[in-house]
Amino acid sequence: MNAIHINWTRPYFARGASEYEAEDFELLTTILSALKWRENNGSIKMVTDRAGADYYRSNGLDCLWDGGIDESLEDICQNEGMFWAAGKLYALALQKTPIAVIDTDFIVWGEILFDKLPALAVIHDEELYADVYPEPGHFQMEKDYRFDPDWNWHIKAYNTAFYVIKDEELRRYYTSEAIRFMDNSKPCGDSLTYMVFAEQRLLAMCAEKLKKETLVFSTLEKLFRNGDGFFTHTWGMKQQRDNTELREAFCRKCIDRISRDFPYMRQIMSNIDILKKYF
C-alpha cells in the first residue's frame, strides 16, 4: 500500500521562525514512522514544500521515503493560522487511491491486511464535544457558501492521524468539500474548530453521505490510556516537550529502537545538529 507523510511548513514560519527545523522527538518519530511503514506495509513518500524538502535533504533524511520527496505544497494559498493542517488535505487531493495517510508522529508497527479493509479505515472516532465540534451556526462563512444539506451533524468525527482511503469517489468529494470550506471561511482567530471540521468531521460526514463502509482500527482509550501494541501516536508527547527529563528519555528510547532495527540510520542521526547531544 502506498502511503504519504505530509509536512506543510508555512504554519511554522508564521510563528516567526526564519529557518525550518523539526524538534528532536518529532524528527525521531518521523524516522520510525517512515521506516516501519516500509518494513511492513509498502512504499511511502513525503509531500511537503521547498523548505521542508531542503531540510530533510540537507540532513540526509531523504533516504527515509522510498517514494521520494514531493514539493507540491509549495504554492498552497491558504490561511495557515486557521488551517494549520491544510497541507494534509491538499496533499490528499493530489493522490490516487488506494492511499494511506500517516502523520509523522504516528507509527504502525505491524502488517495491515489491506485487502480486508473497506472504502475507509480510520484510527479512531471522536466524540462531538461542543467546544471542539460545534453546531453549524458557529462557523462564519462567506454569504454564498452552503453546507451540504445531506450531511449528518450527529455522527462522530474521524481522527485523521492515520487512515486508509481506498475509494476514489470519497477521496475526491472529501478533499473538494474540505477545500471549499476553507476557502469560504471568514478569517478569525479560531485555530481549532475550523481546522478539525475541515479535516476530521467532514471525513465522517462525506463517507456517510456517499454510503461508504468505514472501519475504525482502535479507540482513543486504547491508544492513550491502556496502550496499543500495533499503533503508537505520540501526539501526547507534545504536551510534555518542556519536561527535559521525559523528553530526553523518549528521544533516547527512539534512537535505541531505530539503531537496533535500522543500523545504517545511526550514523545519519548522529550528524543531525538537534540530535547530536544523544550520541
# chains A, B, ... in the order shown; residues from 1 in each chain; ligands from 1

call {"tool": "residues_around", "arguments": {"residues": "Ile272 of chain A", "least_positions_apart": "3", "cutoff": "12 Å", "atoms": "only C-alpha atoms", "output": "JSON, numbers by chain"}}
result
{"A": [21, 22, 23, 24, 27, 28, 55, 56, 57, 58, 59, 60, 61, 265, 266, 267, 268, 269, 275, 276, 277, 278, 279]}

call {"tool": "residues_around", "arguments": {"residues": "segment 87-97 of chain A", "least_positions_apart": "5", "cutoff": "7 Å", "atoms": "only C-alpha atoms", "output": "PyMOL selection string"}}
result
chain A and resi 6-8+47+73+165-168+172+175

call {"tool": "write_last_selection", "arguments": {"atoms": "N, CA, C and O atoms", "output": "PDB file, in the first residue's frame"}}
result
ATOM      1  N   ILE A   6       3.043  14.074   5.379  1.00  0.00           N
ATOM      2  CA  ILE A   6       2.816  15.448   4.923  1.00  0.00           C
ATOM      3  C   ILE A   6       3.444  16.417   5.901  1.00  0.00           C
ATOM      4  O   ILE A   6       3.298  16.265   7.118  1.00  0.00           O
ATOM      5  N   ASN A   7       4.147  17.413   5.374  1.00  0.00           N
ATOM      6  CA  ASN A   7       4.697  18.481   6.207  1.00  0.00           C
ATOM      7  C   ASN A   7       4.633  19.798   5.441  1.00  0.00           C
ATOM      8  O   ASN A   7       5.459  20.074   4.575  1.00  0.00           O
ATOM      9  N   TRP A   8       3.616  20.578   5.737  1.00  0.00           N
ATOM     10  CA  TRP A   8       3.479  21.934   5.187  1.00  0.00           C
ATOM     11  C   TRP A   8       4.086  22.890   6.203  1.00  0.00           C
ATOM     12  O   TRP A   8       3.592  23.017   7.322  1.00  0.00           O
ATOM     13  N   VAL A  47       5.205  14.447   1.225  1.00  0.00           N
ATOM     14  CA  VAL A  47       4.647  15.566   0.465  1.00  0.00           C
ATOM     15  C   VAL A  47       4.845  16.816   1.315  1.00  0.00           C
ATOM     16  O   VAL A  47       4.307  16.924   2.423  1.00  0.00           O
ATOM     17  N   LEU A  73       3.395  21.129  -2.096  1.00  0.00           N
ATOM     18  CA  LEU A  73       2.711  22.058  -1.197  1.00  0.00           C
ATOM     19  C   LEU A  73       3.329  23.454  -1.210  1.00  0.00           C
ATOM     20  O   LEU A  73       2.909  24.324  -0.450  1.00  0.00           O
ATOM     21  N   ILE A 165      -7.645   5.229   2.711  1.00  0.00           N
ATOM     22  CA  ILE A 165      -8.803   5.515   1.865  1.00  0.00           C
ATOM     23  C   ILE A 165      -8.625   4.773   0.541  1.00  0.00           C
ATOM     24  O   ILE A 165      -7.617   4.942  -0.146  1.00  0.00           O
ATOM     25  N   LYS A 166      -9.584   3.936   0.235  1.00  0.00           N
ATOM     26  CA  LYS A 166      -9.496   3.085  -0.947  1.00  0.00           C
ATOM     27  C   LYS A 166     -10.467   3.502  -2.040  1.00  0.00           C
ATOM     28  O   LYS A 166     -10.394   2.993  -3.159  1.00  0.00           O
ATOM     29  N   ASP A 167     -11.365   4.404  -1.729  1.00  0.00           N
ATOM     30  CA  ASP A 167     -12.439   4.771  -2.649  1.00  0.00           C
ATOM     31  C   ASP A 167     -12.149   6.127  -3.301  1.00  0.00           C
ATOM     32  O   ASP A 167     -12.023   7.138  -2.612  1.00  0.00           O
ATOM     33  N   GLU A 168     -12.048   6.140  -4.614  1.00  0.00           N
ATOM     34  CA  GLU A 168     -11.688   7.361  -5.332  1.00  0.00           C
ATOM     35  C   GLU A 168     -12.789   8.419  -5.253  1.00  0.00           C
ATOM     36  O   GLU A 168     -12.511   9.622  -5.134  1.00  0.00           O
ATOM     37  N   ARG A 172     -12.121  12.246  -3.714  1.00  0.00           N
ATOM     38  CA  ARG A 172     -12.399  13.479  -4.452  1.00  0.00           C
ATOM     39  C   ARG A 172     -13.426  14.354  -3.733  1.00  0.00           C
ATOM     40  O   ARG A 172     -13.259  15.574  -3.617  1.00  0.00           O
ATOM     41  N   THR A 175     -11.941  15.856  -0.236  1.00  0.00           N
ATOM     42  CA  THR A 175     -10.944  16.916  -0.391  1.00  0.00           C
ATOM     43  C   THR A 175     -11.548  18.162  -1.031  1.00  0.00           C
ATOM     44  O   THR A 175     -11.216  19.282  -0.636  1.00  0.00           O
TER      45      THR A 175
END

call {"tool": "residues_around", "arguments": {"residues": "His233 of chain A", "least_positions_apart": "4", "cutoff": "7 Å", "atoms": "only C-alpha atoms", "output": "number ranges by chain"}}
result
A: 105-107

call {"tool": "residues_around", "arguments": {"residues": "Phe25 of chain A", "least_positions_apart": "6", "cutoff": "8 Å", "atoms": "only C-alpha atoms", "output": "ChimeraX atom specification"}}
result
/A:247,250-251

call {"tool": "residues_around", "arguments": {"residues": "Ala85 of chain A", "least_positions_apart": "2", "cutoff": "12 Å", "atoms": "only C-alpha atoms", "output": "PyMOL selection string"}}
result
chain A and resi 6-12+48+73+76+78-83+87-92+103+160-161+178-179+182+191-192+194-200

call {"tool": "select_by_dssp", "arguments": {"residues": "segment 11-168 of chain A", "states": "strand (DSSP E)", "output": "ChimeraX atom specification"}}
result
/A:44-48,69-70,99-102,106-108,120-122,125-126,157-158,162-165

call {"tool": "residues_around", "arguments": {"residues": "segment 120-135 of chain A", "least_positions_apart": "2", "cutoff": "9 Å", "atoms": "only C-alpha atoms", "output": "ChimeraX atom specification"}}
result
/A:117-118,137-139,153-167,170,192-194,196-197,200-201,204,207,212-220,231

call {"tool": "atom_distance", "arguments": {"atom1": "atom CA of Arg38 of chain A", "atom2": "atom CA of Trp109 of chain A"}}
result
10.4 Å

call {"tool": "select_by_dssp", "arguments": {"residues": "segment 31-266 of chain A", "states": "alpha helix (DSSP H)", "output": "PyMOL selection string"}}
result
chain A and resi 31-40+50-58+86-93+168-184+193-196+202-209+220-221+244-261+265-266

call {"tool": "closest_residue", "arguments": {"among": "A:Thr232, A:Asn271, A:Gln140, A:Ser185", "to": "Ile102 of chain A", "atoms": "only C-alpha atoms"}}
result
A:Thr232

call {"tool": "atom_distance", "arguments": {"atom1": "atom CA of Glu71 of chain A", "atom2": "atom CA of Ala51 of chain A"}}
result
8.9 Å

call {"tool": "closest_residue", "arguments": {"among": "A:Lys211, A:Phe13, A:Ser176, A:Phe181", "to": "Ala119 of chain A", "atoms": "only C-alpha atoms"}}
result
A:Lys211

call {"tool": "closest_residue", "arguments": {"among": "A:Ile69, A:Ile258, A:Met46, A:Leu223", "to": "Thr104 of chain A", "atoms": "only C-alpha atoms"}}
result
A:Met46

call {"tool": "atom_distance", "arguments": {"atom1": "atom CA of Asp66 of chain A", "atom2": "atom CA of Ile44 of chain A"}}
result
6.0 Å

call {"tool": "closest_residue", "arguments": {"among": "A:Cys188, A:Ala86, A:Cys254, A:Cys63", "to": "Met141 of chain A", "atoms": "only C-alpha atoms"}}
result
A:Cys188
